[in-house]
>>> print(open('my_file.pdb').read())   # PDB, C-alpha atoms
MODEL        1
ATOM      1  CA  MET G   1     -81.782 -46.421  27.740
ATOM      2  CA  THR G   2     -78.187 -47.220  28.558
ATOM      3  CA  THR G   3     -75.782 -48.759  26.163
ATOM      4  CA  HIS G   4     -73.011 -51.017  27.287
ATOM      5  CA  LYS G   5     -69.799 -51.082  25.360
ATOM      6  CA  SER G   6     -68.164 -54.436  25.294
ATOM      7  CA  PRO G   7     -64.458 -54.466  26.212
ATOM      8  CA  GLN G   8     -63.609 -55.980  22.826
ATOM      9  CA  ASN G   9     -64.693 -52.815  21.023
ATOM     10  CA  ILE G  10     -62.399 -50.460  22.932
ATOM     11  CA  LEU G  11     -59.108 -49.929  21.173
ATOM     12  CA  GLU G  12     -55.972 -49.508  23.213
ATOM     13  CA  ASP G  13     -54.293 -46.183  22.566
ATOM     14  CA  THR G  14     -50.651 -46.770  23.450
ATOM     15  CA  LYS G  15     -48.653 -43.715  24.481
ATOM     16  CA  VAL G  16     -45.813 -43.079  22.040
ATOM     17  CA  SER G  17     -42.546 -41.599  23.273
ATOM     18  CA  VAL G  18     -41.371 -38.221  22.016
ATOM     19  CA  LYS G  19     -38.284 -39.908  20.586
ATOM     20  CA  LEU G  20     -40.409 -42.218  18.437
ATOM     21  CA  LYS G  21     -42.629 -39.339  17.300
ATOM     22  CA  LEU G  22     -39.585 -37.314  16.260
ATOM     23  CA  ALA G  23     -37.911 -40.233  14.482
ATOM     24  CA  SER G  24     -41.108 -41.015  12.553
ATOM     25  CA  LEU G  25     -41.541 -37.367  11.530
ATOM     26  CA  TRP G  26     -37.942 -37.267  10.246
ATOM     27  CA  ALA G  27     -38.549 -40.536   8.356
ATOM     28  CA  SER G  28     -41.682 -39.068   6.756
ATOM     29  CA  LEU G  29     -39.706 -35.969   5.791
ATOM     30  CA  MET G  30     -37.015 -38.128   4.176
ATOM     31  CA  PHE G  31     -39.561 -40.005   2.066
ATOM     32  CA  LEU G  32     -40.945 -36.697   0.818
ATOM     33  CA  ILE G  33     -37.484 -35.306   0.056
ATOM     34  CA  ILE G  34     -36.568 -38.414  -1.932
ATOM     35  CA  TYR G  35     -39.840 -38.605  -3.853
ATOM     36  CA  LEU G  36     -39.971 -34.897  -4.653
ATOM     37  CA  ASP G  37     -36.428 -35.106  -6.039
ATOM     38  CA  TYR G  38     -37.464 -38.141  -8.048
ATOM     39  CA  PHE G  39     -40.628 -36.456  -9.387
ATOM     40  CA  HIS G  40     -38.481 -33.455 -10.336
ATOM     41  CA  LEU G  41     -36.868 -35.654 -12.991
ATOM     42  CA  TYR G  42     -40.234 -35.918 -14.775
ATOM     43  CA  MET G  43     -40.468 -32.165 -15.305
ATOM     44  CA  PRO G  44     -39.754 -31.267 -18.961
ATOM     45  CA  GLY G  45     -36.150 -30.300 -19.624
ATOM     46  CA  LYS G  46     -34.780 -31.265 -16.192
ATOM     47  CA  LEU G  47     -32.989 -34.401 -17.397
ATOM     48  CA  ASP G  48     -31.499 -32.401 -20.277
ATOM     49  CA  ASP G  49     -30.217 -29.823 -17.768
ATOM     50  CA  ILE G  50     -28.699 -32.560 -15.610
ATOM     51  CA  LEU G  51     -27.042 -34.134 -18.664
ATOM     52  CA  LYS G  52     -25.604 -30.684 -19.472
ATOM     53  CA  GLY G  53     -24.200 -30.502 -15.929
ATOM     54  CA  LYS G  54     -26.681 -28.003 -14.426
ATOM     55  CA  VAL G  55     -29.150 -28.121 -11.558
ATOM     56  CA  PHE G  56     -31.130 -24.880 -11.282
ATOM     57  CA  VAL G  57     -28.321 -22.291 -11.550
ATOM     58  CA  PHE G  58     -25.613 -24.560 -10.119
ATOM     59  CA  ASP G  59     -22.968 -26.476 -12.023
ATOM     60  CA  ILE G  60     -22.906 -30.138 -11.086
ATOM     61  CA  SER G  61     -19.513 -30.738  -9.523
ATOM     62  CA  GLN G  62     -18.021 -32.734  -6.689
ATOM     63  CA  GLY G  63     -18.618 -29.762  -4.405
ATOM     64  CA  PHE G  64     -22.262 -29.496  -5.444
ATOM     65  CA  ILE G  65     -22.842 -33.228  -4.878
ATOM     66  CA  LEU G  66     -21.076 -33.045  -1.493
ATOM     67  CA  VAL G  67     -23.315 -30.160  -0.380
ATOM     68  CA  ALA G  68     -26.395 -32.017  -1.670
ATOM     69  CA  LEU G  69     -25.317 -35.096   0.283
ATOM     70  CA  ALA G  70     -24.865 -33.050   3.460
ATOM     71  CA  LEU G  71     -28.297 -31.471   3.028
ATOM     72  CA  VAL G  72     -29.957 -34.874   2.666
ATOM     73  CA  ALA G  73     -27.765 -36.744   5.175
ATOM     74  CA  THR G  74     -28.689 -34.400   8.015
ATOM     75  CA  PRO G  75     -32.437 -35.207   8.138
ATOM     76  CA  ALA G  76     -31.636 -38.854   7.341
ATOM     77  CA  LEU G  77     -29.346 -39.069  10.371
ATOM     78  CA  MET G  78     -31.922 -37.266  12.520
ATOM     79  CA  ILE G  79     -34.065 -40.412  12.343
ATOM     80  CA  SER G  80     -31.570 -42.408  14.406
ATOM     81  CA  ILE G  81     -30.348 -39.408  16.398
ATOM     82  CA  SER G  82     -33.913 -38.712  17.552
ATOM     83  CA  ALA G  83     -34.281 -42.290  18.720
ATOM     84  CA  THR G  84     -30.952 -42.536  20.543
ATOM     85  CA  LEU G  85     -29.670 -39.233  21.940
ATOM     86  CA  PRO G  86     -30.348 -38.281  25.563
ATOM     87  CA  ALA G  87     -33.411 -36.033  25.977
ATOM     88  CA  LYS G  88     -31.673 -32.680  26.564
ATOM     89  CA  VAL G  89     -29.293 -32.921  23.594
ATOM     90  CA  ASN G  90     -32.006 -34.570  21.492
ATOM     91  CA  ARG G  91     -34.408 -31.700  22.131
ATOM     92  CA  CYS G  92     -31.852 -29.052  21.134
ATOM     93  CA  ALA G  93     -30.692 -30.961  18.047
ATOM     94  CA  ASN G  94     -34.258 -31.429  16.787
ATOM     95  CA  ILE G  95     -35.225 -27.782  17.279
ATOM     96  CA  ILE G  96     -32.060 -26.439  15.635
ATOM     97  CA  ILE G  97     -31.856 -28.879  12.709
ATOM     98  CA  ALA G  98     -35.588 -28.571  11.936
ATOM     99  CA  ALA G  99     -35.393 -24.753  12.043
ATOM    100  CA  ILE G 100     -32.384 -24.767   9.680
ATOM    101  CA  ASN G 101     -34.190 -27.100   7.265
ATOM    102  CA  ILE G 102     -37.255 -24.868   6.838
ATOM    103  CA  PRO G 103     -35.503 -22.223   4.675
ATOM    104  CA  LEU G 104     -33.654 -24.986   2.786
ATOM    105  CA  ILE G 105     -36.965 -26.629   1.887
ATOM    106  CA  LEU G 106     -38.435 -23.276   0.846
ATOM    107  CA  PHE G 107     -35.364 -22.530  -1.317
ATOM    108  CA  ASN G 108     -36.383 -25.482  -3.502
ATOM    109  CA  LEU G 109     -39.368 -23.388  -4.612
ATOM    110  CA  SER G 110     -37.135 -20.816  -6.310
ATOM    111  CA  GLY G 111     -37.138 -20.905 -10.072
ATOM    112  CA  GLU G 112     -39.753 -22.896 -11.952
ATOM    113  CA  THR G 113     -42.342 -24.139  -9.460
ATOM    114  CA  TRP G 114     -44.999 -26.728 -10.114
ATOM    115  CA  VAL G 115     -47.988 -27.454  -7.872
ATOM    116  CA  HIS G 116     -46.520 -30.749  -6.627
ATOM    117  CA  MET G 117     -43.468 -28.830  -5.384
ATOM    118  CA  VAL G 118     -45.592 -26.329  -3.455
ATOM    119  CA  VAL G 119     -47.752 -29.060  -1.912
ATOM    120  CA  GLY G 120     -44.620 -31.034  -1.042
ATOM    121  CA  ALA G 121     -42.988 -27.988   0.556
ATOM    122  CA  VAL G 122     -46.132 -27.260   2.605
ATOM    123  CA  ILE G 123     -46.149 -30.848   3.898
ATOM    124  CA  GLN G 124     -42.401 -30.776   4.601
ATOM    125  CA  VAL G 125     -42.566 -27.477   6.486
ATOM    126  CA  THR G 126     -45.563 -28.771   8.451
ATOM    127  CA  LEU G 127     -43.536 -31.843   9.457
ATOM    128  CA  LEU G 128     -40.625 -29.612  10.493
ATOM    129  CA  PHE G 129     -42.939 -27.416  12.588
ATOM    130  CA  LEU G 130     -44.321 -30.555  14.239
ATOM    131  CA  ILE G 131     -40.753 -31.665  15.006
ATOM    132  CA  ILE G 132     -40.027 -28.285  16.597
ATOM    133  CA  ARG G 133     -43.303 -28.399  18.542
ATOM    134  CA  TYR G 134     -42.791 -31.927  19.917
ATOM    135  CA  ALA G 135     -39.177 -31.170  20.832
ATOM    136  CA  TRP G 136     -40.100 -27.812  22.385
ATOM    137  CA  LYS G 137     -42.866 -29.356  24.497
ATOM    138  CA  TRP G 138     -40.731 -32.351  25.543
ATOM    139  CA  PRO G 139     -42.286 -33.697  28.769
ATOM    140  CA  ARG G 140     -40.444 -32.763  31.961
ATOM    141  CA  VAL G 141     -39.687 -35.108  34.832
ATOM    142  CA  LYS G 142     -41.619 -34.168  37.963
ATOM    143  CA  THR G 143     -39.315 -33.850  40.951
TER     144      THR G 143
ENDMDL
END
>>> encode(input="my_file.pdb", output="structure tokens")
Amino acid sequence: MTTHKSPQNILEDTKVSVKLKLASLWASLMFLIIYLDYFHLYMPGKLDDILKGKVFVFDISQGFILVALALVATPALMISISATLPAKVNRCANIIIAAINIPLILFNLSGETWVHMVVGAVIQVTLLFLIIRYAWKWPRVKT
């Protein structure tokens, strides 16, 4: 017995560019960074620490906030950079910035760690490894 599939039941699987894959991975990473920071505020005592001018072992100062901004701005900017830079520079930027971000993400697990932080870090590092993989395996032009 042969079965015939009607053309209406076949879904089109559109090829997505590497640039779009990278930009979407960076966007996903940014959502996780923002939400994990937000959820951190629900942990007992964290708001009290912030009101006392402390985050982990760091004093909250203009320098601290500037460093925090730089750490968050980099992956945020990688969304548009991944979509716009030429392939060669784009590939290098994604590999380097993703590799630098892995230890930064893992540093967030120092001190008091809750399960949501570990799960979040695992997902974030997985996204960063996917970024490195897609950038590393960037398709070559056949000449």
>>> resolve_selection(input="my_file.pdb", expression="the PyMOL selection byres ((chain G and resi 31) around 12)", output="PyMOL selection string")
chain G and resi 24-30+32-38+72+75-76+79+120+123-124+127
>>> residues_around(input="my_file.pdb", residues="G:Ile100", least_positions_apart="2", cutoff="12 Å", atoms="all atoms listed in the file", output="PyMOL selection string")
chain G and resi 71+74-75+93-98+102-107+125+128-129+132
>>> closest_residue(input="my_file.pdb", among="G:Phe58, G:Phe64, G:Trp114, G:Tyr134", to="G:Pro44", atoms="all atoms listed in the file")
G:Trp114
>>> closest_residue(input="my_file.pdb", among="G:Lys15, G:His40, G:Lys52, G:Lys21", to="G:Glu112", atoms="all atoms listed in the file")
G:His40
>>> closest_residue(input="my_file.pdb", among="G:Met43, G:Leu85, G:Val55, G:Val18", to="G:Trp136", atoms="all atoms listed in the file")
G:Val18
>>> residues_around(input="my_file.pdb", residues="G:Ala87", least_positions_apart="4", cutoff="10 Å", atoms="all atoms listed in the file", output="list in words")
Val18, Lys19, Ser82, Ala83, Arg91, Cys92, Ala93, Ala135, Trp138, Pro139 and Arg140 of chain G
>>> atom_distance(input="my_file.pdb", atom1="atom CA of G:Gly111", atom2="atom CA of G:Val57")
9.0 Å
>>> axis_aligned_box(input="my_file.pdb", around="stretch 61-74 of chain G", padding_each_side="3 Å", output="AutoDock Vina command-line options")
--center_x -24.0 --center_y -33.1 --center_z -0.8 --size_x 17.9 --size_y 13.2 --size_z 23.5
>>> closest_residue(input="my_file.pdb", among="G:Asp49, G:Phe56, G:Pro86, G:Ala99", to="G:Thr113", atoms="all atoms listed in the file")
G:Phe56
>>> atom_distance(input="my_file.pdb", atom1="atom CA of G:Tyr42", atom2="atom CA of G:Met78")
28.6 Å
>>> decode(input="my_file.pdb", residues="stretch 38-50 of chain G", atoms="N, CA and C atoms", output="tab-separated table (two decimals), in the first residue's frame")
chain	number	residue	atom	x	y	z
G	38	TYR	N	16.76	39.94	37.44
G	38	TYR	CA	15.49	40.31	38.06
G	38	TYR	C	15.09	39.31	39.14
G	39	PHE	N	15.18	38.00	38.83
G	39	PHE	CA	14.83	36.97	39.80
G	39	PHE	C	15.75	37.02	41.02
G	40	HIS	N	16.98	37.48	40.82
G	40	HIS	CA	17.94	37.61	41.91
G	40	HIS	C	17.39	38.51	43.02
G	41	LEU	N	16.59	39.50	42.62
G	41	LEU	CA	16.02	40.43	43.59
G	41	LEU	C	15.05	39.77	44.55
G	42	TYR	N	14.50	38.61	44.16
G	42	TYR	CA	13.55	37.88	45.00
G	42	TYR	C	14.24	37.00	46.05
G	43	MET	N	15.55	36.85	45.94
G	43	MET	CA	16.26	36.03	46.91
G	43	MET	C	16.33	36.79	48.24
G	44	PRO	N	16.06	36.11	49.36
G	44	PRO	CA	16.04	36.79	50.66
G	44	PRO	C	17.34	37.54	50.95
G	45	GLY	N	17.18	38.78	51.38
G	45	GLY	CA	18.32	39.59	51.79
G	45	GLY	C	19.00	40.36	50.68
G	46	LYS	N	18.71	40.06	49.42
G	46	LYS	CA	19.42	40.71	48.31
G	46	LYS	C	19.04	42.19	48.19
G	47	LEU	N	17.76	42.50	48.36
G	47	LEU	CA	17.36	43.91	48.30
G	47	LEU	C	17.96	44.70	49.46
G	48	ASP	N	18.03	44.07	50.64
G	48	ASP	CA	18.66	44.73	51.79
G	48	ASP	C	20.13	45.03	51.49
G	49	ASP	N	20.83	44.06	50.87
G	49	ASP	CA	22.23	44.27	50.51
G	49	ASP	C	22.37	45.44	49.52
G	50	ILE	N	21.49	45.47	48.53
G	50	ILE	CA	21.54	46.54	47.53
G	50	ILE	C	21.28	47.89	48.21
